[in-house]
>>> print(open('data-v7.txt').read())   # compact mmCIF, C-alpha atoms
# COMPACT_ATOMS: atom_id res chain seq x y z
CA LYS A 516 0.00 0.00 0.00
CA SER A 517 2.77 2.46 0.90
CA HIS A 518 4.43 1.61 -2.41
CA VAL A 519 1.28 2.56 -4.34
CA ILE A 520 0.97 5.81 -2.42
CA GLU A 521 4.59 6.65 -3.18
CA GLU A 522 4.07 6.01 -6.88
CA LEU A 523 0.93 8.17 -6.86
CA LYS A 524 2.86 11.02 -5.27
CA LYS A 525 5.53 10.80 -7.97
CA LEU A 526 2.83 10.84 -10.61
CA LEU A 527 1.15 13.91 -9.15
CA ASP A 528 4.51 15.70 -9.04
CA VAL A 529 4.75 15.68 -12.84
CA VAL A 530 1.11 16.42 -13.68
CA SER A 531 1.66 20.17 -14.07
CA ASP A 532 4.72 19.65 -16.28
CA ALA A 533 2.82 17.08 -18.35
CA LEU A 534 -0.09 19.48 -18.88
CA SER A 535 2.32 22.24 -19.85
CA LEU A 536 3.98 19.97 -22.41
CA SER A 537 0.60 18.96 -23.78
CA GLU A 538 -0.24 22.61 -24.40
CA CYS A 539 3.09 23.10 -26.19
CA ILE A 540 2.43 20.17 -28.49
CA THR A 541 -1.24 20.82 -29.23
CA GLY A 542 -1.10 24.64 -29.11
CA GLY A 543 0.57 27.11 -31.42
CA ASP A 544 0.06 26.83 -35.17
CA GLY A 545 0.52 23.07 -35.20
CA THR A 546 3.82 23.12 -37.10
CA VAL A 547 6.85 21.19 -35.93
CA SER A 548 8.73 24.51 -35.60
CA SER A 549 6.06 25.77 -33.23
CA ILE A 550 6.21 22.56 -31.20
CA PHE A 551 9.99 22.64 -30.83
CA ASN A 552 10.11 26.38 -30.13
CA ASN A 553 7.58 26.11 -27.32
CA LEU A 554 8.89 22.85 -25.88
CA ASP A 555 10.52 23.11 -22.45
CA THR A 556 13.08 20.32 -22.56
CA VAL A 557 13.71 20.46 -18.78
CA LYS A 558 10.06 19.65 -18.22
CA LEU A 559 10.16 17.09 -21.02
CA LYS A 560 13.02 15.20 -19.38
CA ASN A 561 11.32 15.37 -15.96
CA VAL A 562 8.05 13.99 -17.32
CA LEU A 563 9.63 11.23 -19.41
CA VAL A 564 11.90 9.98 -16.63
CA ASN A 565 9.11 9.98 -14.06
CA LEU A 566 6.62 8.26 -16.36
CA LEU A 567 9.25 5.70 -17.33
CA GLU A 568 10.02 4.82 -13.71
CA ASN A 569 6.45 4.99 -12.43
CA LYS A 570 5.15 1.49 -11.71
CA ILE A 571 1.51 2.57 -12.04
CA ILE A 572 1.83 4.17 -15.46
CA ASN A 573 4.58 1.91 -16.77
CA PRO A 574 4.36 -1.52 -15.11
CA GLU A 575 5.83 -4.66 -16.54
CA ARG A 576 3.16 -6.12 -18.75
CA VAL A 577 2.35 -9.67 -19.80
CA ILE A 578 1.87 -9.91 -23.57
CA ASP A 579 0.05 -12.89 -25.11
CA GLY A 580 0.41 -14.77 -21.84
CA VAL A 581 4.06 -15.51 -22.61
CA GLY A 582 6.23 -13.28 -20.45
CA LYS A 583 6.62 -9.86 -18.95
CA VAL A 584 7.57 -6.96 -21.20
CA LYS A 585 9.16 -3.79 -19.87
CA ASN A 586 8.17 -0.26 -20.90
CA TYR A 587 5.22 -1.32 -23.07
CA ASN A 588 3.08 1.63 -21.99
CA PHE A 589 6.00 4.06 -22.16
CA ASN A 590 6.91 2.93 -25.68
CA THR A 591 3.30 3.39 -26.75
CA LEU A 592 3.33 6.91 -25.26
CA ILE A 593 6.51 7.85 -27.17
CA GLN A 594 5.13 6.50 -30.44
CA GLY A 595 2.01 8.60 -29.94
CA LEU A 596 3.88 11.79 -29.06
CA LEU A 597 6.31 11.57 -31.98
CA GLY A 598 3.83 10.12 -34.41
CA GLN A 599 1.86 13.33 -34.98
CA ASP A 600 1.35 14.43 -38.57
CA SER A 601 3.21 17.74 -38.16
CA ILE A 602 6.29 15.89 -36.92
CA LYS A 603 6.05 13.30 -39.70
CA ASP A 604 5.67 16.08 -42.26
CA ALA A 605 9.04 17.46 -41.12
CA GLY A 606 10.60 14.12 -42.03
CA ILE A 607 10.86 12.79 -38.48
CA VAL A 608 9.63 9.21 -38.40
CA ILE A 609 10.64 7.07 -35.44
CA PRO A 610 11.48 3.36 -35.79
CA SER A 611 8.55 0.95 -35.68
CA ASP A 612 10.28 -1.21 -33.06
CA ILE A 613 11.66 0.69 -30.07
CA SER A 614 11.43 -2.16 -27.57
CA SER A 615 15.22 -2.59 -27.27
CA ILE A 616 16.00 1.06 -26.50
CA VAL A 617 17.66 1.82 -23.18
CA TRP A 618 15.68 4.84 -22.07
CA TYR A 619 17.37 6.18 -18.97
CA GLU A 620 20.20 5.30 -16.63
CA LYS A 621 21.92 7.17 -13.82
CA ASP A 622 25.15 6.00 -12.23
CA SER A 623 26.39 6.43 -8.68
CA SER A 624 28.12 9.69 -9.62
CA GLY A 625 24.90 11.18 -10.97
CA ASN A 626 25.85 10.89 -14.65
CA GLU A 627 22.79 10.41 -16.81
CA SER A 628 22.59 8.49 -20.07
CA GLY A 629 20.06 6.77 -22.31
CA GLU A 630 17.67 7.77 -25.05
CA VAL A 631 15.74 10.29 -22.93
CA ILE A 632 18.95 12.28 -22.43
CA ASN A 633 19.97 11.92 -26.10
CA LEU A 634 16.50 12.96 -27.27
CA VAL A 635 16.46 16.05 -25.05
CA ARG A 636 19.94 17.07 -26.25
CA ALA A 637 18.92 16.61 -29.88
CA ILE A 638 15.77 18.70 -29.42
CA ASN A 639 17.79 21.47 -27.72
CA VAL A 640 20.14 21.60 -30.72
CA LEU A 641 17.23 21.49 -33.18
CA LYS A 642 15.50 24.36 -31.37
CA GLN A 643 18.52 26.53 -32.25
CA ASN A 644 18.73 25.25 -35.83
CA LEU A 645 15.20 24.89 -37.15
CA PHE A 646 16.44 25.63 -40.68
CA LEU A 647 17.05 21.88 -41.01
CA ILE A 648 13.36 21.04 -40.79
CA GLU A 649 11.79 24.28 -42.02
CA GLY A 650 11.10 24.89 -45.69
CA SER A 651 13.83 24.58 -48.31
CA ILE A 652 17.57 25.09 -47.85
CA ASP A 653 19.81 26.91 -50.31
CA PHE A 654 23.60 27.14 -50.38
CA ASP A 655 23.63 30.50 -48.60
CA THR A 656 21.69 28.90 -45.74
CA LEU A 657 24.26 26.11 -45.52
CA VAL A 658 27.09 28.66 -45.45
CA ALA A 659 25.38 30.76 -42.78
CA ASN A 660 24.75 27.71 -40.59
CA LYS A 661 27.87 25.67 -41.36
CA ASN A 662 29.17 25.92 -37.80
CA SER A 663 26.01 24.21 -36.54
CA LEU A 664 26.05 21.26 -38.93
CA THR A 665 28.43 19.05 -36.95
CA ASP A 666 26.54 19.65 -33.68
CA LEU A 667 23.28 18.89 -35.46
CA PHE A 668 24.58 15.71 -37.05
CA VAL A 669 26.07 14.44 -33.78
CA ALA A 670 23.07 15.29 -31.60
CA ILE A 671 20.49 13.76 -33.92
CA GLY A 672 22.76 10.85 -34.81
CA ASN A 673 23.10 9.93 -31.12
CA SER A 674 19.34 9.66 -30.69
CA LYS A 675 17.96 6.25 -31.64
CA LEU A 676 14.51 7.81 -32.09
CA LEU A 677 15.70 10.54 -34.48
CA SER A 678 18.80 9.09 -36.16
CA SER A 679 16.84 6.86 -38.54
CA SER A 680 15.13 10.00 -39.89
CA LEU A 681 18.34 11.98 -40.40
CA PRO A 682 19.36 10.50 -43.80
CA LYS A 683 15.93 11.23 -45.28
CA ILE A 684 15.81 14.76 -43.84
CA LEU A 685 19.27 15.51 -45.23
CA ASN A 686 18.55 13.86 -48.58
CA ASP A 687 15.42 16.01 -48.88
CA LYS A 688 16.81 19.27 -47.47
CA VAL A 689 20.58 19.33 -48.00
CA GLY A 690 21.04 16.73 -50.73
CA PRO A 691 19.50 18.84 -53.53
CA GLN A 692 21.93 21.69 -52.80
CA ILE A 693 24.99 19.42 -52.80
CA ASN A 694 23.79 17.67 -55.95
CA GLU A 695 23.12 21.02 -57.62
CA ILE A 696 26.65 22.23 -56.82
CA PHE A 697 28.35 19.18 -58.29
CA GLY A 698 25.59 17.93 -60.59
CA SER A 699 26.27 20.83 -62.92
CA VAL A 700 29.57 19.21 -63.84
CA SER A 701 28.95 15.48 -63.58
CA SER A 702 26.47 12.71 -62.87
CA VAL A 703 27.45 12.68 -59.19
CA SER A 704 24.51 12.18 -56.83
CA ILE A 705 25.17 11.98 -53.10
CA ASN A 706 23.12 9.94 -50.62
CA PHE A 707 23.19 10.46 -46.86
CA ASN A 708 22.14 6.84 -46.33
CA ASN A 709 25.83 6.04 -46.93
CA VAL A 710 26.94 7.90 -43.79
CA ASP A 711 28.02 5.81 -40.79
CA ASP A 712 29.66 8.47 -38.61
CA TRP A 713 27.62 11.66 -38.33
CA GLY A 714 30.17 13.69 -36.38
CA ARG A 715 32.94 13.00 -38.87
CA GLU A 716 30.64 13.58 -41.83
CA GLY A 717 29.32 16.85 -40.45
CA GLN A 718 32.84 18.25 -40.12
CA ALA A 719 33.81 16.96 -43.57
CA LEU A 720 30.79 18.65 -45.13
CA VAL A 721 31.58 21.89 -43.28
CA ASN A 722 35.12 21.79 -44.73
CA ILE A 723 33.75 21.46 -48.27
CA ILE A 724 31.27 24.30 -47.78
CA GLU A 725 34.02 26.54 -46.38
CA LYS A 726 36.36 25.81 -49.31
CA ILE A 727 33.68 26.45 -51.94
CA SER A 728 32.48 29.60 -50.20
CA THR A 729 35.95 31.04 -49.51
CA LEU A 730 37.26 30.37 -53.01
CA GLY A 731 34.01 31.52 -54.64
CA ILE A 732 33.90 28.42 -56.82
CA ASP A 733 31.18 27.87 -59.40
CA PHE A 734 31.63 24.30 -60.59
CA SER A 735 29.47 24.87 -63.63
CA ASN A 736 31.99 27.41 -64.91
CA ILE A 737 35.13 26.87 -62.88
CA ASP A 738 38.21 28.89 -63.80
CA TRP A 739 41.19 26.79 -62.79
CA SER A 740 43.59 29.59 -63.70
CA GLU A 741 42.30 31.53 -60.71
CA LEU A 742 43.22 28.75 -58.29
CA THR A 743 46.65 28.05 -56.86
CA GLU A 744 48.09 24.59 -56.45
CA ASP A 745 47.32 24.75 -52.72
CA ASN A 746 43.74 25.88 -53.44
CA ILE A 747 43.16 22.90 -55.71
CA ASN A 748 44.79 20.43 -53.30
CA ASP A 749 42.76 21.72 -50.34
CA LEU A 750 39.52 21.63 -52.30
CA LEU A 751 39.97 18.12 -53.70
CA THR A 752 41.23 16.77 -50.36
CA SER A 753 38.22 18.18 -48.54
CA ILE A 754 35.87 16.50 -51.02
CA THR A 755 37.54 13.09 -50.89
CA SER A 756 37.60 13.24 -47.06
CA CYS A 757 33.79 13.23 -47.10
CA SER A 758 32.33 9.73 -47.26
CA LEU A 759 29.40 11.06 -49.30
CA PHE A 760 31.90 11.15 -52.17
CA GLY A 761 33.34 7.73 -51.39
CA VAL A 762 32.92 4.24 -52.83
CA HIS A 763 29.28 3.19 -52.74
CA LYS A 764 26.83 0.87 -54.45
CA ASN A 765 24.61 2.40 -57.10
CA GLU A 766 20.97 1.46 -57.73
CA GLN A 767 22.10 -1.52 -59.82
CA GLY A 768 24.20 -2.88 -56.94
CA ILE A 769 27.50 -1.98 -58.65
CA TYR A 770 30.19 -0.11 -56.71
CA GLU A 771 31.10 3.36 -57.97
CA ASP A 772 33.82 5.78 -56.97
CA THR A 773 31.82 8.99 -56.53
CA PHE A 774 34.90 11.17 -56.12
CA GLY A 775 36.52 9.62 -59.21
CA ILE A 776 33.46 10.42 -61.33
CA LEU A 777 33.55 14.02 -60.13
CA LEU A 778 37.30 14.39 -60.55
CA GLU A 779 37.28 13.12 -64.14
CA THR A 780 34.76 15.78 -65.11
CA LEU A 781 36.68 18.51 -63.28
CA ILE A 782 39.91 17.52 -65.06
CA GLU A 783 38.10 17.68 -68.39
CA LYS A 784 36.93 21.17 -67.51
CA ALA A 785 40.57 22.15 -66.98
CA ASN A 786 40.96 21.69 -70.76
CA LEU A 787 43.62 19.03 -70.27
CA SER A 788 41.94 16.85 -72.89
CA SER A 789 42.90 19.48 -75.47
CA ILE A 790 46.57 18.59 -75.09
CA MET A 791 46.09 14.82 -74.99
CA GLU A 792 45.23 12.35 -77.71
CA GLY A 793 41.63 11.24 -77.46
CA GLU A 794 39.53 11.27 -74.30
CA LEU A 795 40.67 10.76 -70.73
CA ASP A 796 40.73 7.12 -69.62
CA SER A 797 37.84 6.68 -67.17
CA ALA A 798 39.49 3.55 -65.75
CA LEU A 799 42.16 5.77 -64.21
CA PHE A 800 39.54 7.79 -62.35
CA THR A 801 38.35 5.05 -60.06
CA SER A 802 39.89 3.53 -56.98
CA ILE A 803 37.77 0.40 -57.44
CA LYS A 804 39.48 -2.86 -58.33
CA ASP A 805 36.35 -5.02 -58.26
CA LYS A 806 33.03 -3.28 -58.95
CA PHE A 807 31.08 -6.21 -57.51
CA THR A 808 32.85 -6.41 -54.13
CA GLY A 809 33.98 -2.79 -53.71
CA GLU A 810 37.62 -3.82 -53.27
CA ILE A 811 39.93 -0.91 -54.05
CA LYS A 812 43.22 -0.92 -55.92
CA VAL A 813 45.50 0.31 -53.15
CA GLY A 814 45.31 -0.57 -49.45
CA SER A 815 41.97 -0.25 -47.73
CA ILE A 816 39.65 2.65 -46.98
CA THR A 817 39.84 3.91 -43.40
CA THR A 818 37.41 6.10 -41.47
CA ASP A 819 39.39 7.02 -38.37
CA PRO A 820 39.68 9.91 -37.80
CA VAL A 821 38.53 10.88 -41.31
CA TYR A 822 37.34 9.09 -44.40
CA LYS A 823 40.52 8.17 -46.28
CA ASN A 824 40.83 6.44 -49.64
CA PRO A 825 44.56 5.69 -50.12
CA TYR A 826 44.16 5.56 -53.89
CA TRP A 827 43.48 9.31 -53.86
CA VAL A 828 45.17 10.64 -50.73
CA GLY A 829 48.10 8.22 -50.57
CA THR A 830 49.54 6.31 -47.66
CA SER A 831 52.68 8.30 -46.77
CA SER A 832 52.66 10.60 -43.76
CA ASP A 833 53.82 13.60 -45.81
CA GLY A 834 51.32 13.00 -48.62
CA SER A 835 54.08 12.67 -51.20
CA ASP A 836 52.31 9.73 -52.87
CA SER A 837 48.93 11.45 -52.98
CA GLU A 838 47.36 11.38 -56.43
CA ILE A 839 45.34 14.46 -55.52
CA LYS A 840 48.53 16.32 -54.65
CA ARG A 841 50.11 15.32 -57.96
CA ILE A 842 47.04 16.37 -59.94
CA SER A 843 46.96 19.70 -58.08
CA ALA A 844 50.65 20.21 -58.82
CA MET A 845 50.07 19.40 -62.49
CA ILE A 846 47.26 21.93 -62.86
CA GLY A 847 49.33 24.45 -60.89
CA VAL A 848 52.25 24.04 -63.29
CA LEU A 849 50.01 24.32 -66.34
CA ASN A 850 48.46 27.50 -64.90
CA THR A 851 51.90 29.07 -64.55
CA LYS A 852 52.59 32.19 -66.62
CA GLU A 853 56.18 32.60 -67.73
CA PRO A 854 57.77 36.04 -67.09
CA GLY A 855 56.64 38.48 -69.75
CA SER A 856 53.81 36.20 -70.98
CA SER A 857 50.12 37.08 -70.71
CA GLN A 858 49.11 33.43 -71.19
CA SER A 859 49.49 30.42 -68.93
CA ILE A 860 51.36 27.43 -70.29
CA LEU A 861 48.06 25.57 -70.70
CA GLU A 862 46.55 28.47 -72.65
CA LYS A 863 49.60 28.61 -74.91
CA VAL A 864 49.52 24.86 -75.57
CA SER A 865 45.78 24.92 -76.20
CA SER A 866 46.15 27.74 -78.74
CA GLY A 867 49.08 26.05 -80.49
CA VAL A 868 51.62 28.69 -79.46
CA VAL A 869 54.24 26.70 -77.61
CA ASP A 870 58.01 26.45 -77.52
CA ALA A 871 60.26 23.55 -76.52
CA ASN A 872 60.53 24.69 -72.90
CA ASP A 873 56.75 24.94 -72.53
CA LEU A 874 56.34 21.47 -74.01
CA LYS A 875 58.91 20.05 -71.60
CA ILE A 876 57.05 21.57 -68.63
CA VAL A 877 53.73 20.13 -69.87
CA LEU A 878 55.14 16.64 -70.41
CA ASN A 879 56.84 16.54 -67.00
CA ALA A 880 53.64 17.72 -65.29
CA ILE A 881 51.50 15.07 -67.01
CA LEU A 882 54.02 12.26 -66.50
CA ASN A 883 54.09 12.96 -62.76
>>> encode(input="data-v7.txt", output="structure tokens")
Amino acid sequence: KSHVIEELKKLLDVVSDALSLSECITGGDGTVSSIFNNLDTVKLKNVLVNLLENKIINPERVIDGVGKVKNYNFNTLIQGLLGQDSIKDAGIVIPSDISSIVWYEKDSSGNESGEVINLVRAINVLKQNLFLIEGSIDFDTLVANKNSLTDLFVAIGNSKLLSSSLPKILNDKVGPQINEIFGSVSSVSINFNNVDDWGREGQALVNIIEKISTLGIDFSNIDWSELTEDNINDLLTSITSCSLFGVHKNEQGIYEDTFGILLETLIEKANLSSIMEGELDSALFTSIKDKFTGEIKVGSITTDPVYKNPYWVGTSSDGSDSEIKRISAMIGVLNTKEPGSSQSILEKVSSGVVDANDLKIVLNAILN
């Protein structure tokens, strides 16, 4: 009897917070932005933890006469709260089976963990960055909010309730902008379902956005003569360090080197094909040895601490065997203007005005 009374007291303690949360969710204009803006996450955590641990509201329950199941009522409550149409419309769809989630734990030192804590943290970050779930996102929005991307990716990625929705949200909101940037020059199409480390990927994407924004690059009409060797190396390295541009299966189940596809097109846009016989060899622009298994030609791809494909970035500590570095150096050499000349070496070769020294420089750059 005393146990029941104690549980009732705990339940009454959270009634006011529960009513307040209910008003936040059902009030406002009904949009997910309104819900998150009005949501008091301190009260949310208090209510969820107390309902989870309350033996009256959330007792162990016998299902189909087989055995006791924990958190059945609590799981049903969560599915109802996060299953509202406005939340679904924002792309947030929780997993159908949440029975194995560890909801809340607190150790002897008072450290809290579990999905309730991860969910509250994710919502707090989302409240400050509603651009991710509001309307459309353009490149300027990504630039303006680039410093928040990693925090967003990590916070949502750590939540088992929200992480399954993150790839779809990003494919719908961010994917079109990334595809538009690079799709103007090749058939590259990125897919956030390929991401397995959200913190690393968030930082990698931020690096790409910073490089493109700082250098003012328009891939649809890129002027390589305006970029230094270091500019080119930094840009290409930032792209290949992002697993979105890694080795992935296409819709036909065949492995493709996304970065290689992009790089081949960018090299063509540097007008290098004008000084070579025929077209560039596409086989050289892939790190894939076996398109059915995904095995690569050199070493193995690593993801700690960053995505690293040794075929492109090399294996030496100083990067001396990096193919990207060599390509950057080649374009840098070809962009060089000899003293007294108004044309770069590449421009001179392309126009047919070239001397023996220019030709030697071109051949050495290409052979390297």
>>> atom_distance(input="data-v7.txt", atom1="CA of Leu664 (chain A)", atom2="CA of Leu641 (chain A)")
10.5 Å
>>> closest_residue(input="data-v7.txt", among="A:Phe807, A:Phe551, A:Phe697, A:Phe760", to="Asn709 (chain A)", atoms="all atoms listed in the file")
A:Phe760
>>> residues_around(input="data-v7.txt", residues="Gly829 (chain A)", least_positions_apart="4", cutoff="10 Å", atoms="all atoms listed in the file", output="list in words")
Val813, Gly814, Lys823, Asn824, Pro825, Asp833, Gly834, Ser835, Asp836, Ser837, Glu838, Ile839 and Lys840 of chain A
>>> residues_around(input="data-v7.txt", residues="Thr556 (chain A)", least_positions_apart="2", cutoff="8 Å", atoms="all atoms listed in the file", output="count of residues only")
7
>>> closest_residue(input="data-v7.txt", among="A:Asp712, A:Val608, A:Ile723, A:Ile769", to="Asp819 (chain A)", atoms="only C-alpha atoms")
A:Asp712
>>> closest_residue(input="data-v7.txt", among="A:Phe707, A:Trp713, A:Trp618, A:Phe589", to="His763 (chain A)", atoms="all atoms listed in the file")
A:Phe707
>>> residues_around(input="data-v7.txt", residues="Leu720 (chain A)", least_positions_apart="6", cutoff="9 Å", atoms="only C-alpha atoms", output="ChimeraX atom specification")
/A:661,664-665,753-754,756-757,759
>>> atom_distance(input="data-v7.txt", atom1="CA of Val547 (chain A)", atom2="CA of Val710 (chain A)")
25.3 Å
>>> closest_residue(input="data-v7.txt", among="A:Val658, A:Leu681, A:Cys539, A:Ala670", to="Ile609 (chain A)", atoms="only C-alpha atoms")
A:Leu681
>>> closest_residue(input="data-v7.txt", among="A:Asn588, A:Thr851, A:Ser614, A:Ser758", to="Leu742 (chain A)", atoms="all atoms listed in the file")
A:Thr851
>>> atom_distance(input="data-v7.txt", atom1="CA of Asn748 (chain A)", atom2="CA of Asn765 (chain A)")
27.3 Å
>>> residues_near_point(input="data-v7.txt", point="(17.0, 17.0, -32.1)", cutoff="10 Å", atoms="all atoms listed in the file", output="ChimeraX atom specification")
/A:551,607,633-645,667-674,676-678,681
>>> write_last_selection(input="data-v7.txt", atoms="C-alpha atoms", output="PDB file, keeping the file's coordinate frame")
ATOM      1  CA  PHE A 551       9.990  22.640 -30.830  1.00  0.00           C
ATOM      2  CA  ILE A 607      10.860  12.790 -38.480  1.00  0.00           C
ATOM      3  CA  ASN A 633      19.970  11.920 -26.100  1.00  0.00           C
ATOM      4  CA  LEU A 634      16.500  12.960 -27.270  1.00  0.00           C
ATOM      5  CA  VAL A 635      16.460  16.050 -25.050  1.00  0.00           C
ATOM      6  CA  ARG A 636      19.940  17.070 -26.250  1.00  0.00           C
ATOM      7  CA  ALA A 637      18.920  16.610 -29.880  1.00  0.00           C
ATOM      8  CA  ILE A 638      15.770  18.700 -29.420  1.00  0.00           C
ATOM      9  CA  ASN A 639      17.790  21.470 -27.720  1.00  0.00           C
ATOM     10  CA  VAL A 640      20.140  21.600 -30.720  1.00  0.00           C
ATOM     11  CA  LEU A 641      17.230  21.490 -33.180  1.00  0.00           C
ATOM     12  CA  LYS A 642      15.500  24.360 -31.370  1.00  0.00           C
ATOM     13  CA  GLN A 643      18.520  26.530 -32.250  1.00  0.00           C
ATOM     14  CA  ASN A 644      18.730  25.250 -35.830  1.00  0.00           C
ATOM     15  CA  LEU A 645      15.200  24.890 -37.150  1.00  0.00           C
ATOM     16  CA  LEU A 667      23.280  18.890 -35.460  1.00  0.00           C
ATOM     17  CA  PHE A 668      24.580  15.710 -37.050  1.00  0.00           C
ATOM     18  CA  VAL A 669      26.070  14.440 -33.780  1.00  0.00           C
ATOM     19  CA  ALA A 670      23.070  15.290 -31.600  1.00  0.00           C
ATOM     20  CA  ILE A 671      20.490  13.760 -33.920  1.00  0.00           C
ATOM     21  CA  GLY A 672      22.760  10.850 -34.810  1.00  0.00           C
ATOM     22  CA  ASN A 673      23.100   9.930 -31.120  1.00  0.00           C
ATOM     23  CA  SER A 674      19.340   9.660 -30.690  1.00  0.00           C
ATOM     24  CA  LEU A 676      14.510   7.810 -32.090  1.00  0.00           C
ATOM     25  CA  LEU A 677      15.700  10.540 -34.480  1.00  0.00           C
ATOM     26  CA  SER A 678      18.800   9.090 -36.160  1.00  0.00           C
ATOM     27  CA  LEU A 681      18.340  11.980 -40.400  1.00  0.00           C
TER      28      LEU A 681
END
>>> closest_atom_pairs(input="data-v7.txt", of="region 623-660 of chain A", to="region 563-570 of chain A", cutoff="12 Å", atoms="only C-alpha atoms", output="JSON lines")
{"residue": "A:Glu627", "atom": "CA", "partner": "A:Val564", "partner_atom": "CA", "distance": 10.9}
{"residue": "A:Ser628", "atom": "CA", "partner": "A:Val564", "partner_atom": "CA", "distance": 11.3}
{"residue": "A:Gly629", "atom": "CA", "partner": "A:Val564", "partner_atom": "CA", "distance": 10.4}
{"residue": "A:Glu630", "atom": "CA", "partner": "A:Leu563", "partner_atom": "CA", "distance": 10.4}
{"residue": "A:Val631", "atom": "CA", "partner": "A:Leu563", "partner_atom": "CA", "distance": 7.1}
{"residue": "A:Ile632", "atom": "CA", "partner": "A:Val564", "partner_atom": "CA", "distance": 9.4}
{"residue": "A:Leu634", "atom": "CA", "partner": "A:Leu563", "partner_atom": "CA", "distance": 10.6}
{"residue": "A:Val635", "atom": "CA", "partner": "A:Leu563", "partner_atom": "CA", "distance": 10.1}
>>> axis_aligned_box(input="data-v7.txt", around="region 810-826 of chain A", padding_each_side="6 Å", output="lines of an AutoDock Vina configuration file")
center_x = 41.4
center_y = 3.5
center_z = -46.9
size_x = 20.2
size_y = 26.7
size_z = 30.1
